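Below: coords21.csv (CSV, C-alpha atoms)
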```csv
chain,number,residue,atom,x,y,z
A,1,MET,CA,-0.7,17.9,-18.5
A,2,THR,CA,-0.9,20.0,-15.3
A,3,THR,CA,2.5,21.6,-14.5
A,4,LEU,CA,4.2,23.2,-11.5
A,5,ASN,CA,4.3,26.4,-13.5
A,6,ALA,CA,0.5,26.7,-14.0
A,7,GLU,CA,-0.9,30.1,-13.2
A,8,GLY,CA,-4.1,31.4,-11.6
A,9,GLY,CA,-5.6,29.7,-8.5
A,10,LEU,CA,-3.0,27.0,-8.2
A,11,ALA,CA,-0.6,28.8,-5.9
A,12,GLU,CA,-1.7,26.8,-3.0
A,13,ARG,CA,-1.1,23.5,-4.8
A,14,ARG,CA,2.3,24.7,-6.0
A,15,SER,CA,3.2,25.5,-2.4
A,16,ALA,CA,2.0,22.0,-1.3
A,17,LEU,CA,3.9,20.3,-4.1
A,18,GLY,CA,7.0,22.2,-3.1
A,19,ALA,CA,6.7,20.8,0.4
A,20,ALA,CA,6.2,17.3,-1.1
A,21,CYS,CA,9.3,17.9,-3.2
A,22,VAL,CA,11.4,18.7,-0.1
A,23,ARG,CA,10.1,15.5,1.6
A,24,SER,CA,10.6,13.3,-1.4
A,25,LEU,CA,14.1,14.5,-2.3
A,26,ARG,CA,15.8,14.7,1.1
A,27,ASP,CA,18.2,11.9,1.9
A,28,ASP,CA,17.4,11.7,5.6
A,29,HIS,CA,14.0,10.1,4.8
A,30,LEU,CA,13.8,6.5,3.5
A,31,GLN,CA,10.9,4.2,2.7
A,32,LEU,CA,11.6,0.6,2.0
A,33,ILE,CA,8.6,-1.4,0.7
A,34,VAL,CA,9.7,-5.0,1.5
A,35,LEU,CA,8.1,-8.2,0.1
A,36,PRO,CA,9.1,-11.0,2.6
A,37,THR,CA,7.3,-13.4,0.3
A,38,GLU,CA,5.5,-13.1,-3.1
A,39,GLN,CA,3.3,-16.1,-2.4
A,40,CYS,CA,-0.3,-15.7,-1.2
A,41,ASN,CA,-3.0,-17.6,0.5
A,42,PHE,CA,-5.6,-15.8,-1.6
A,43,ARG,CA,-6.4,-15.9,-5.3
A,44,CYS,CA,-8.4,-12.7,-5.7
A,45,THR,CA,-10.1,-12.7,-9.1
A,46,TYR,CA,-8.6,-9.3,-10.1
A,47,CYS,CA,-5.1,-9.9,-8.8
A,48,TYR,CA,-2.2,-9.0,-11.1
A,49,GLU,CA,0.6,-10.9,-9.3
A,50,ASP,CA,2.0,-14.2,-10.8
A,51,PHE,CA,3.3,-15.8,-7.6
A,52,THR,CA,6.5,-17.0,-9.3
A,53,VAL,CA,8.8,-15.8,-6.5
A,54,GLY,CA,8.7,-17.4,-3.1
A,55,ARG,CA,10.0,-16.5,0.4
A,56,MET,CA,12.8,-14.1,0.8
A,57,ALA,CA,16.1,-15.9,0.9
A,58,PRO,CA,18.4,-15.5,3.9
A,59,ALA,CA,21.0,-13.6,1.8
A,60,VAL,CA,18.3,-11.0,0.9
A,61,VAL,CA,17.1,-10.7,4.5
A,62,GLU,CA,20.7,-10.0,5.5
A,63,GLY,CA,21.0,-7.5,2.7
A,64,VAL,CA,18.0,-5.5,4.0
A,65,LYS,CA,19.4,-5.5,7.5
A,66,ARG,CA,22.8,-4.3,6.3
A,67,LEU,CA,21.2,-1.7,4.1
A,68,VAL,CA,19.5,-0.2,7.1
A,69,ASP,CA,22.7,-0.4,9.1
A,70,ARG,CA,24.5,1.6,6.4
A,71,ARG,CA,21.8,4.3,6.2
A,72,LEU,CA,20.7,4.7,9.8
A,73,ASP,CA,23.3,7.3,11.0
A,74,GLY,CA,22.1,9.7,8.3
A,75,LEU,CA,18.4,9.1,8.7
A,76,ARG,CA,15.8,11.1,10.5
A,77,ASP,CA,12.8,9.0,9.4
A,78,LEU,CA,12.7,5.4,8.3
A,79,ARG,CA,9.5,3.7,7.1
A,80,ILE,CA,9.3,0.0,6.3
A,81,SER,CA,6.1,-1.0,4.4
A,82,TRP,CA,5.4,-4.7,4.2
A,83,PHE,CA,3.8,-6.0,1.1
A,84,GLY,CA,3.4,-9.3,-0.8
A,85,GLY,CA,2.0,-11.7,-1.9
A,86,GLU,CA,0.7,-12.0,1.7
A,87,PRO,CA,3.4,-10.8,4.0
A,88,LEU,CA,2.2,-12.7,7.0
A,89,LEU,CA,3.0,-16.0,5.3
A,90,ALA,CA,6.6,-15.0,6.1
A,91,ILE,CA,6.2,-13.8,9.6
A,92,GLY,CA,9.7,-15.1,10.5
A,93,VAL,CA,11.3,-12.8,7.9
A,94,ILE,CA,9.2,-9.9,9.2
A,95,GLU,CA,10.3,-10.5,12.7
A,96,GLU,CA,14.0,-10.9,11.9
A,97,ILE,CA,14.2,-7.7,9.9
A,98,SER,CA,11.8,-5.6,12.1
A,99,GLY,CA,13.4,-6.7,15.3
A,100,HIS,CA,16.8,-5.7,13.9
A,101,VAL,CA,15.6,-2.4,12.6
A,102,ALA,CA,13.8,-1.4,15.8
A,103,GLU,CA,16.8,-2.2,17.9
A,104,MET,CA,19.2,-0.3,15.6
A,105,ALA,CA,16.8,2.7,15.4
A,106,ARG,CA,16.7,2.9,19.2
A,107,ARG,CA,20.5,3.4,19.2
A,108,THR,CA,20.2,6.4,17.0
A,109,ALA,CA,18.0,9.5,16.6
A,110,THR,CA,16.0,7.8,13.8
A,111,THR,CA,12.2,7.7,13.9
A,112,TYR,CA,11.1,4.2,12.7
A,113,VAL,CA,7.6,3.3,11.7
A,114,GLY,CA,6.2,0.2,10.1
A,115,ASP,CA,3.0,-0.5,8.1
A,116,MET,CA,1.6,-3.5,6.3
A,117,THR,CA,-0.7,-4.2,3.4
A,118,THR,CA,-2.4,-7.5,4.3
A,119,ASN,CA,-5.4,-9.6,3.5
A,120,ALA,CA,-5.8,-9.9,7.3
A,121,TYR,CA,-6.7,-13.6,7.2
A,122,LEU,CA,-3.8,-14.4,9.6
A,123,LEU,CA,-4.2,-11.0,11.5
A,124,ASP,CA,-5.7,-12.3,14.7
A,125,SER,CA,-5.4,-10.6,18.1
A,126,ALA,CA,-2.1,-12.3,18.9
A,127,MET,CA,-0.6,-11.4,15.6
A,128,VAL,CA,-1.7,-7.8,16.0
A,129,ARG,CA,0.0,-7.5,19.3
A,130,ARG,CA,3.1,-9.3,18.0
A,131,LEU,CA,3.4,-6.9,15.1
A,132,ALA,CA,2.7,-3.8,17.2
A,133,ALA,CA,5.6,-4.8,19.5
A,134,LEU,CA,7.8,-4.7,16.4
A,135,GLY,CA,6.7,-1.2,15.5
A,136,ILE,CA,4.3,-2.3,12.7
A,137,ARG,CA,1.2,-0.4,13.8
A,138,SER,CA,-0.6,0.6,10.6
A,139,PHE,CA,-2.5,-1.9,8.4
A,140,GLN,CA,-4.3,-1.6,5.0
A,141,ILE,CA,-7.0,-4.3,4.6
A,142,SER,CA,-9.3,-4.8,1.6
A,143,LEU,CA,-13.0,-5.7,1.6
A,144,ASP,CA,-15.1,-6.3,-1.4
A,145,GLY,CA,-18.5,-5.8,0.2
A,146,PRO,CA,-20.7,-8.0,2.3
A,147,LYS,CA,-20.0,-11.7,2.6
A,148,HIS,CA,-22.0,-13.0,-0.4
A,149,LEU,CA,-20.1,-10.6,-2.7
A,150,HIS,CA,-16.7,-10.5,-1.0
A,151,ASP,CA,-16.4,-14.3,-1.1
A,152,LEU,CA,-16.9,-14.3,-4.9
A,153,THR,CA,-13.8,-12.2,-5.5
A,154,ARG,CA,-11.4,-12.4,-2.5
A,155,ILE,CA,-11.1,-16.2,-2.7
A,156,ARG,CA,-8.7,-18.3,-0.7
A,157,ARG,CA,-6.2,-20.4,-2.5
A,158,ASP,CA,-8.3,-23.5,-1.7
A,159,GLY,CA,-11.3,-21.8,-3.5
A,160,ARG,CA,-13.2,-21.0,-0.3
A,161,GLY,CA,-14.3,-17.7,1.0
A,162,SER,CA,-12.4,-15.3,3.3
A,163,PHE,CA,-15.0,-12.9,4.7
A,164,ASP,CA,-15.9,-14.6,8.0
A,165,ARG,CA,-12.3,-14.9,9.3
A,166,LEU,CA,-11.5,-11.4,8.1
A,167,TRP,CA,-14.5,-9.8,9.8
A,168,GLU,CA,-13.8,-11.7,13.0
A,169,ASN,CA,-10.2,-10.4,13.0
A,170,LEU,CA,-11.4,-6.8,12.4
A,171,LEU,CA,-13.9,-7.0,15.2
A,172,ALA,CA,-11.2,-8.4,17.5
A,173,ILE,CA,-9.0,-5.3,16.8
A,174,ARG,CA,-12.1,-3.1,17.3
A,175,HIS,CA,-12.8,-4.6,20.7
A,176,GLY,CA,-9.1,-4.7,21.8
A,177,ASP,CA,-6.8,-1.9,22.8
A,178,ALA,CA,-3.8,-2.5,20.4
A,179,PRO,CA,-2.2,0.8,19.5
A,180,VAL,CA,-2.7,0.4,15.7
A,181,GLN,CA,-4.4,2.2,12.8
A,182,VAL,CA,-6.5,0.2,10.3
A,183,LEU,CA,-7.3,1.6,6.8
A,184,LEU,CA,-10.3,-0.4,5.3
A,185,ARG,CA,-9.8,-0.3,1.6
A,186,ILE,CA,-13.3,-0.9,0.1
A,187,HIS,CA,-13.2,-2.1,-3.5
A,188,LEU,CA,-15.9,-0.9,-5.8
A,189,THR,CA,-17.1,-2.8,-8.9
A,190,PRO,CA,-20.3,-2.6,-11.0
A,191,GLU,CA,-21.3,-6.0,-9.4
A,192,ASN,CA,-21.1,-4.8,-5.8
A,193,LEU,CA,-22.2,-1.2,-6.1
A,194,HIS,CA,-25.8,-2.0,-5.3
A,195,ALA,CA,-24.9,-3.4,-1.9
A,196,MET,CA,-22.4,-0.7,-1.0
A,197,PRO,CA,-24.7,1.8,0.8
A,198,GLU,CA,-26.0,-0.8,3.3
A,199,PHE,CA,-22.5,-2.3,3.7
A,200,LEU,CA,-20.9,1.1,4.3
A,201,ARG,CA,-23.5,1.8,7.0
A,202,ARG,CA,-22.5,-1.4,8.6
A,203,ILE,CA,-18.8,-0.4,8.4
A,204,ARG,CA,-19.7,3.0,9.9
A,205,LYS,CA,-21.6,1.5,12.7
A,206,ASP,CA,-19.1,-1.3,13.6
A,207,PHE,CA,-15.8,0.5,13.1
A,208,LEU,CA,-15.8,4.2,12.5
A,209,GLY,CA,-16.7,5.1,16.0
A,210,ASP,CA,-13.1,4.0,16.8
A,211,ARG,CA,-10.6,6.6,15.7
A,212,ARG,CA,-8.1,3.8,14.9
A,213,PHE,CA,-10.2,2.9,11.8
A,214,SER,CA,-10.7,4.8,8.6
A,215,VAL,CA,-12.0,4.0,5.1
A,216,HIS,CA,-10.7,4.5,1.6
A,217,LEU,CA,-13.1,3.8,-1.3
A,218,LYS,CA,-11.2,2.3,-4.3
A,219,PRO,CA,-12.6,1.3,-7.7
A,220,VAL,CA,-11.1,-2.0,-8.9
A,221,GLU,CA,-8.8,-1.5,-11.9
A,222,HIS,CA,-7.4,-3.6,-14.8
A,223,LEU,CA,-3.9,-4.2,-13.5
A,224,GLY,CA,-2.7,-6.8,-16.0
A,225,GLY,CA,-4.1,-9.9,-14.2
A,226,GLU,CA,-5.2,-13.0,-16.1
A,227,ASN,CA,-8.9,-12.2,-15.5
A,228,ASP,CA,-8.8,-8.6,-16.8
A,229,ALA,CA,-10.8,-9.4,-19.9
A,230,THR,CA,-13.8,-10.5,-17.7
A,231,THR,CA,-13.4,-8.1,-14.8
A,232,ALA,CA,-15.9,-5.3,-15.0
A,233,VAL,CA,-14.8,-1.9,-13.7
A,234,LEU,CA,-16.6,1.4,-13.1
A,235,SER,CA,-16.5,3.9,-16.0
A,236,THR,CA,-14.2,6.8,-15.5
A,237,ARG,CA,-16.9,9.4,-16.0
A,238,GLU,CA,-19.1,8.0,-13.3
A,239,ARG,CA,-16.5,7.6,-10.6
A,240,GLU,CA,-16.6,11.0,-9.1
A,241,ARG,CA,-20.3,10.9,-8.6
A,242,ILE,CA,-20.3,7.4,-7.2
A,243,LEU,CA,-17.5,8.2,-4.7
A,244,ALA,CA,-19.2,11.3,-3.6
A,245,ASP,CA,-22.5,9.5,-3.0
A,246,LEU,CA,-20.8,6.6,-1.1
A,247,GLN,CA,-18.7,9.0,1.0
A,248,SER,CA,-21.8,10.8,2.1
A,249,VAL,CA,-23.1,7.4,3.5
A,250,LEU,CA,-19.9,7.2,5.5
A,251,GLY,CA,-20.3,10.8,6.6
A,252,VAL,CA,-16.9,11.7,5.1
A,253,GLU,CA,-16.3,14.7,2.8
A,254,ASN,CA,-15.4,14.0,-0.8
A,255,SER,CA,-11.6,13.6,-0.9
A,256,SER,CA,-11.5,15.2,-4.3
A,257,ALA,CA,-12.2,18.5,-2.6
A,258,ASP,CA,-8.6,18.4,-1.2
A,259,LEU,CA,-6.4,20.4,-3.5
A,260,SER,CA,-3.1,19.1,-2.1
A,261,PRO,CA,-1.2,17.3,-4.9
A,262,TYR,CA,-0.4,13.7,-4.4
A,263,VAL,CA,3.1,12.4,-5.1
A,264,CYS,CA,3.3,8.6,-5.5
A,265,TYR,CA,5.9,6.7,-3.6
A,266,ALA,CA,7.2,5.4,-6.9
A,267,ALA,CA,8.1,9.0,-7.9
A,268,ARG,CA,10.1,9.6,-4.8
A,269,PRO,CA,13.9,9.0,-5.0
A,270,ASN,CA,13.9,8.0,-1.3
A,271,SER,CA,11.4,5.1,-1.7
A,272,LEU,CA,12.4,1.7,-3.0
A,273,VAL,CA,10.7,-1.7,-3.4
A,274,ILE,CA,12.8,-4.7,-2.2
A,275,ARG,CA,11.4,-7.9,-3.7
A,276,ALA,CA,11.8,-11.3,-2.1
A,277,ASN,CA,14.5,-12.2,-4.7
A,278,GLY,CA,16.6,-9.1,-4.0
A,279,THR,CA,15.5,-7.2,-7.1
A,280,VAL,CA,15.0,-3.5,-6.4
A,281,GLY,CA,12.0,-1.8,-8.0
A,282,LYS,CA,9.9,1.4,-7.7
A,283,CYS,CA,6.3,0.2,-8.1
A,284,THR,CA,4.3,-2.6,-6.5
A,285,VAL,CA,1.7,-2.6,-9.3
A,286,SER,CA,4.1,-2.9,-12.2
A,287,LEU,CA,5.9,-5.5,-10.1
A,288,THR,CA,7.1,-7.8,-12.8
A,289,ASP,CA,7.4,-5.3,-15.6
A,290,PRO,CA,11.1,-5.2,-16.8
A,291,ALA,CA,11.0,-1.4,-16.5
A,292,ASN,CA,10.4,-1.8,-12.8
A,293,ASN,CA,13.7,-3.6,-12.3
A,294,VAL,CA,16.0,-0.7,-11.4
A,295,GLY,CA,18.7,-2.7,-9.6
A,296,ARG,CA,19.6,-5.3,-7.0
A,297,LEU,CA,20.3,-5.5,-3.3
A,298,THR,CA,23.5,-7.4,-2.3
A,299,GLU,CA,24.0,-9.4,0.9
A,300,ASP,CA,26.3,-6.7,2.4
A,301,GLY,CA,23.6,-4.1,2.0
A,302,THR,CA,24.9,-2.4,-1.2
A,303,LEU,CA,22.3,-1.1,-3.6
A,304,GLU,CA,23.4,-1.7,-7.2
A,305,ILE,CA,21.2,0.8,-9.0
A,306,ASP,CA,20.9,1.2,-12.8
A,307,ASN,CA,20.4,5.0,-13.1
A,308,ASP,CA,19.2,4.7,-16.7
A,309,ARG,CA,16.3,2.5,-15.5
A,310,LEU,CA,15.7,4.6,-12.5
A,311,HIS,CA,15.5,8.0,-14.3
A,312,PRO,CA,12.0,7.4,-16.0
A,313,TRP,CA,10.4,6.9,-12.6
A,314,LEU,CA,11.7,10.3,-11.4
A,315,ARG,CA,10.9,12.2,-14.6
A,316,GLY,CA,8.0,14.1,-13.1
A,317,TRP,CA,10.4,16.2,-11.0
A,318,GLN,CA,12.1,17.4,-14.1
A,319,SER,CA,9.0,18.0,-16.2
A,320,GLY,CA,7.0,19.5,-13.3
A,321,ASP,CA,4.0,17.4,-14.3
A,322,TRP,CA,1.6,16.7,-11.4
A,323,ASP,CA,0.0,13.7,-13.2
A,324,THR,CA,3.4,12.0,-13.7
A,325,LEU,CA,4.3,12.6,-10.1
A,326,GLY,CA,1.0,11.1,-9.0
A,327,CYS,CA,1.6,8.0,-11.1
A,328,PRO,CA,4.9,7.7,-12.8
A,329,ALA,CA,3.9,4.3,-14.2
A,330,ASP,CA,1.0,5.9,-16.1
A,331,GLY,CA,1.9,5.8,-19.8
A,332,PHE,CA,5.2,4.1,-19.0
A,333,THR,CA,4.3,0.7,-17.7
A,334,LEU,CA,0.6,1.0,-17.0
A,335,GLY,CA,-2.5,2.1,-18.9
A,336,GLU,CA,-4.0,4.3,-16.1
A,337,PRO,CA,-2.9,5.9,-12.8
A,338,LEU,CA,-3.2,3.8,-9.7
A,339,LEU,CA,-2.7,3.9,-5.9
A,340,GLN,CA,-1.6,0.7,-4.2
A,341,ILE,CA,0.5,1.3,-1.1
A,342,GLY,CA,-0.3,3.0,2.2
A,343,LEU,CA,-2.9,5.6,2.9
A,344,PRO,CA,-5.1,7.6,0.6
A,345,PRO,CA,-3.5,10.7,-1.1
A,346,ASN,CA,-4.8,13.2,1.5
A,347,ARG,CA,-3.5,11.4,4.5
A,348,SER,CA,-0.2,11.7,6.4
A,349,ALA,CA,1.8,8.7,5.0
A,350,GLU,CA,3.8,11.1,2.8
```

Could you express the structure from this file as C-alpha cells?
Amino acid sequence: MTTLNAEGGLAERRSALGAACVRSLRDDHLQLIVLPTEQCNFRCTYCYEDFTVGRMAPAVVEGVKRLVDRRLDGLRDLRISWFGGEPLLAIGVIEEISGHVAEMARRTATTYVGDMTTNAYLLDSAMVRRLAALGIRSFQISLDGPKHLHDLTRIRRDGRGSFDRLWENLLAIRHGDAPVQVLLRIHLTPENLHAMPEFLRRIRKDFLGDRRFSVHLKPVEHLGGENDATTAVLSTRERERILADLQSVLGVENSSADLSPYVCYAARPNSLVIRANGTVGKCTVSLTDPANNVGRLTEDGTLEIDNDRLHPWLRGWQSGDWDTLGCPADGFTLGEPLLQIGLPPNRSAE
C-alpha cells in the first residue's frame, strides 16, 4: 500500500494528489458516464459485457435531462461521457440529451464538454460533425493492430471484420477540419506484439502529425468475459519494458515517468455511471457486478443513492491509499487495476 502520508521524495505526489482531491470532492464539478444503449454491433473476443440491457427508455432519458436541470445552477463544470455497448447505435438518445444539456448550459455559467468511447464503425465524417455540434468533441477509439490481426479480435456482430471501415473513418477525420480530439487506444496482446512496431510507425506517419490525435498503449486484460480462459495477456513483469519499447517507436516518453498520481473516475464522488435501465453505478468495467449498483435515477431527475453501497468506492479517500484511488474496484469487484474511460492517467481529463 502506498499512502498519502508516505515520507521522503513523495512530496510532489502528495501535492498533486491533494489537488486531485480538491477536484474530485468539489460539488461544482460533475461527470456523468451515460450508456444510451448497452447493445453493440461488435463482438470483441475479450469483451466483458453481456448485452442484456437494450436502448435507454424514454423515462431514463427524461431522468438524465431533469438531473442536469437540477444540478446546473450550482455547477461550474459538467462532463458527459458516452459509453456502451456502442453508443452510436442510440444516436437519437445522444442527440436528445446532449441537445438539452448544451442549451441549458448556455443559459448558465456552466462549462459543458462531451466525450465518447466508441468502436468508430459508425463514426463517419457526417457523424463527427453532428456530434461536434452537440459539444461531443473527444473520442476514444480502439485498434488491435493491423487489419489481419485487428479483424481476428474486434469482430462485428455478423462475424466479419471491422478494420477497413474504422481506418477509413479515422483517415476522414485526419483529412477533415472537425474540432475534435481522438485518442487511439492500441490494445496489446502476446499475439499482436510482433506486429506492433511496424503498425505504430504507420500510426505515427498517418495520424500523429495532427495534434488532434494521440495514442494510449493498453495491454488487454481479463475482465470477466466469456473468453477469458482462452485470452492470452502480457505478463505483468514484462509490461513496463514492452510499453517503453513501443512508446519509443511512437516518439513518446514513457508515461510511467510521470509521478502525478492517478485518481480513477470511479473513486470520485462527483462521477456517476447512468446505465440504460436507469441503474446508477460507479465503474464501467464492473458494470454488472451487484456491488456496482449504488442506486437509481428516477424520471424526475432524483438520484436515489444507497450510501452503504457507495461507501466502498470512496474508501481510498479515507485510507489515503493511492492504489485504491487509482482503481477502487481492485480487490473489491476486480482482480487487477484497470483503466477504461477517457484519457490516460497523465492527461487532462481529470

Write out, as JSON lines, each residue of region 82-150 of chain A that has an atom at most 12 Å from region 47-62 of chain A, together with the closest pair of atoms and their distance in Å to one decimal, counting only C-alpha atoms, rows going by chain and rising number.
```
{"residue": "A:Phe83", "atom": "CA", "partner": "A:Glu49", "partner_atom": "CA", "distance": 11.9}
{"residue": "A:Gly84", "atom": "CA", "partner": "A:Glu49", "partner_atom": "CA", "distance": 9.1}
{"residue": "A:Gly85", "atom": "CA", "partner": "A:Phe51", "partner_atom": "CA", "distance": 7.1}
{"residue": "A:Glu86", "atom": "CA", "partner": "A:Phe51", "partner_atom": "CA", "distance": 10.4}
{"residue": "A:Pro87", "atom": "CA", "partner": "A:Arg55", "partner_atom": "CA", "distance": 9.4}
{"residue": "A:Leu88", "atom": "CA", "partner": "A:Arg55", "partner_atom": "CA", "distance": 10.9}
{"residue": "A:Leu89", "atom": "CA", "partner": "A:Arg55", "partner_atom": "CA", "distance": 8.6}
{"residue": "A:Ala90", "atom": "CA", "partner": "A:Arg55", "partner_atom": "CA", "distance": 6.8}
{"residue": "A:Ile91", "atom": "CA", "partner": "A:Arg55", "partner_atom": "CA", "distance": 10.3}
{"residue": "A:Gly92", "atom": "CA", "partner": "A:Arg55", "partner_atom": "CA", "distance": 10.2}
{"residue": "A:Val93", "atom": "CA", "partner": "A:Val61", "partner_atom": "CA", "distance": 7.0}
{"residue": "A:Ile94", "atom": "CA", "partner": "A:Val61", "partner_atom": "CA", "distance": 9.2}
{"residue": "A:Glu95", "atom": "CA", "partner": "A:Val61", "partner_atom": "CA", "distance": 10.7}
{"residue": "A:Glu96", "atom": "CA", "partner": "A:Val61", "partner_atom": "CA", "distance": 8.0}
{"residue": "A:Ile97", "atom": "CA", "partner": "A:Val61", "partner_atom": "CA", "distance": 6.8}
{"residue": "A:Ser98", "atom": "CA", "partner": "A:Val61", "partner_atom": "CA", "distance": 10.6}
{"residue": "A:His100", "atom": "CA", "partner": "A:Glu62", "partner_atom": "CA", "distance": 10.2}
{"residue": "A:Val101", "atom": "CA", "partner": "A:Glu62", "partner_atom": "CA", "distance": 11.6}
```

With C-alpha atoms retained, write the just-selected residues as a tab-separated table (two decimals), in the frame of the given file.
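And here is the file that came out, out28.tsv:
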```tsv
chain	number	residue	atom	x	y	z
A	83	PHE	CA	3.80	-6.00	1.10
A	84	GLY	CA	3.40	-9.30	-0.80
A	85	GLY	CA	2.00	-11.70	-1.90
A	86	GLU	CA	0.70	-12.00	1.70
A	87	PRO	CA	3.40	-10.80	4.00
A	88	LEU	CA	2.20	-12.70	7.00
A	89	LEU	CA	3.00	-16.00	5.30
A	90	ALA	CA	6.60	-15.00	6.10
A	91	ILE	CA	6.20	-13.80	9.60
A	92	GLY	CA	9.70	-15.10	10.50
A	93	VAL	CA	11.30	-12.80	7.90
A	94	ILE	CA	9.20	-9.90	9.20
A	95	GLU	CA	10.30	-10.50	12.70
A	96	GLU	CA	14.00	-10.90	11.90
A	97	ILE	CA	14.20	-7.70	9.90
A	98	SER	CA	11.80	-5.60	12.10
A	100	HIS	CA	16.80	-5.70	13.90
A	101	VAL	CA	15.60	-2.40	12.60
```

Check: CA of Leu30 (chain A) and CA of Asp321 (chain A), how far apart in Å?
Finding: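 Going from CA of Asp321 (chain A) over to CA of Leu30 (chain A), I get 23.1 Å.
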
Margin query: List as a VMD selection string the residues having at least one atom at most 12 Å from position (-23.2, -2.0, -2.5) as given in the file, counting all atoms listed in the file.
Written below: chain A and resid 143 to 150 186 to 203 217 242 to 243 245 to 246 249

Next item on the list: May I ask which of the residues A:Trp82, A:Phe207, A:Tyr262, A:Tyr121 is the closest one to Glu168 (chain A), counting all atoms listed in the file?
Entry: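 Using all atoms listed in the file, Glu168 (chain A) sits closest to A:Tyr121.
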
Next item on the list: Calculate how many Å separate CA of Leu75 (chain A) from CA of Ser271 (chain A), rounding to one decimal.
Entry: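 We find that CA of Leu75 (chain A) and CA of Ser271 (chain A) lie 13.2 Å from each other.
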
Item checked: Distance in Å - CA of Ser248 (chain A) versus CA of Lys205 (chain A) ->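 We find that CA of Ser248 (chain A) and CA of Lys205 (chain A) lie 14.1 Å from each other.
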
Check: Which residue, A:Val280, A:Val285, A:Phe42, A:Trp322, has the smallest gap to Glu221 (chain A) when you use only C-alpha atoms?
Finding: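 Smallest separation from Glu221 (chain A) among the options: A:Val285.
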
Next item on the list: Go through A:Gln39, A:Thr236, A:Thr118, A:Asn307 and flag the residue nearest Pro269 (chain A), using only C-alpha atoms for the distances.
Entry: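 Among the listed residues, A:Asn307 lies closest to Pro269 (chain A).
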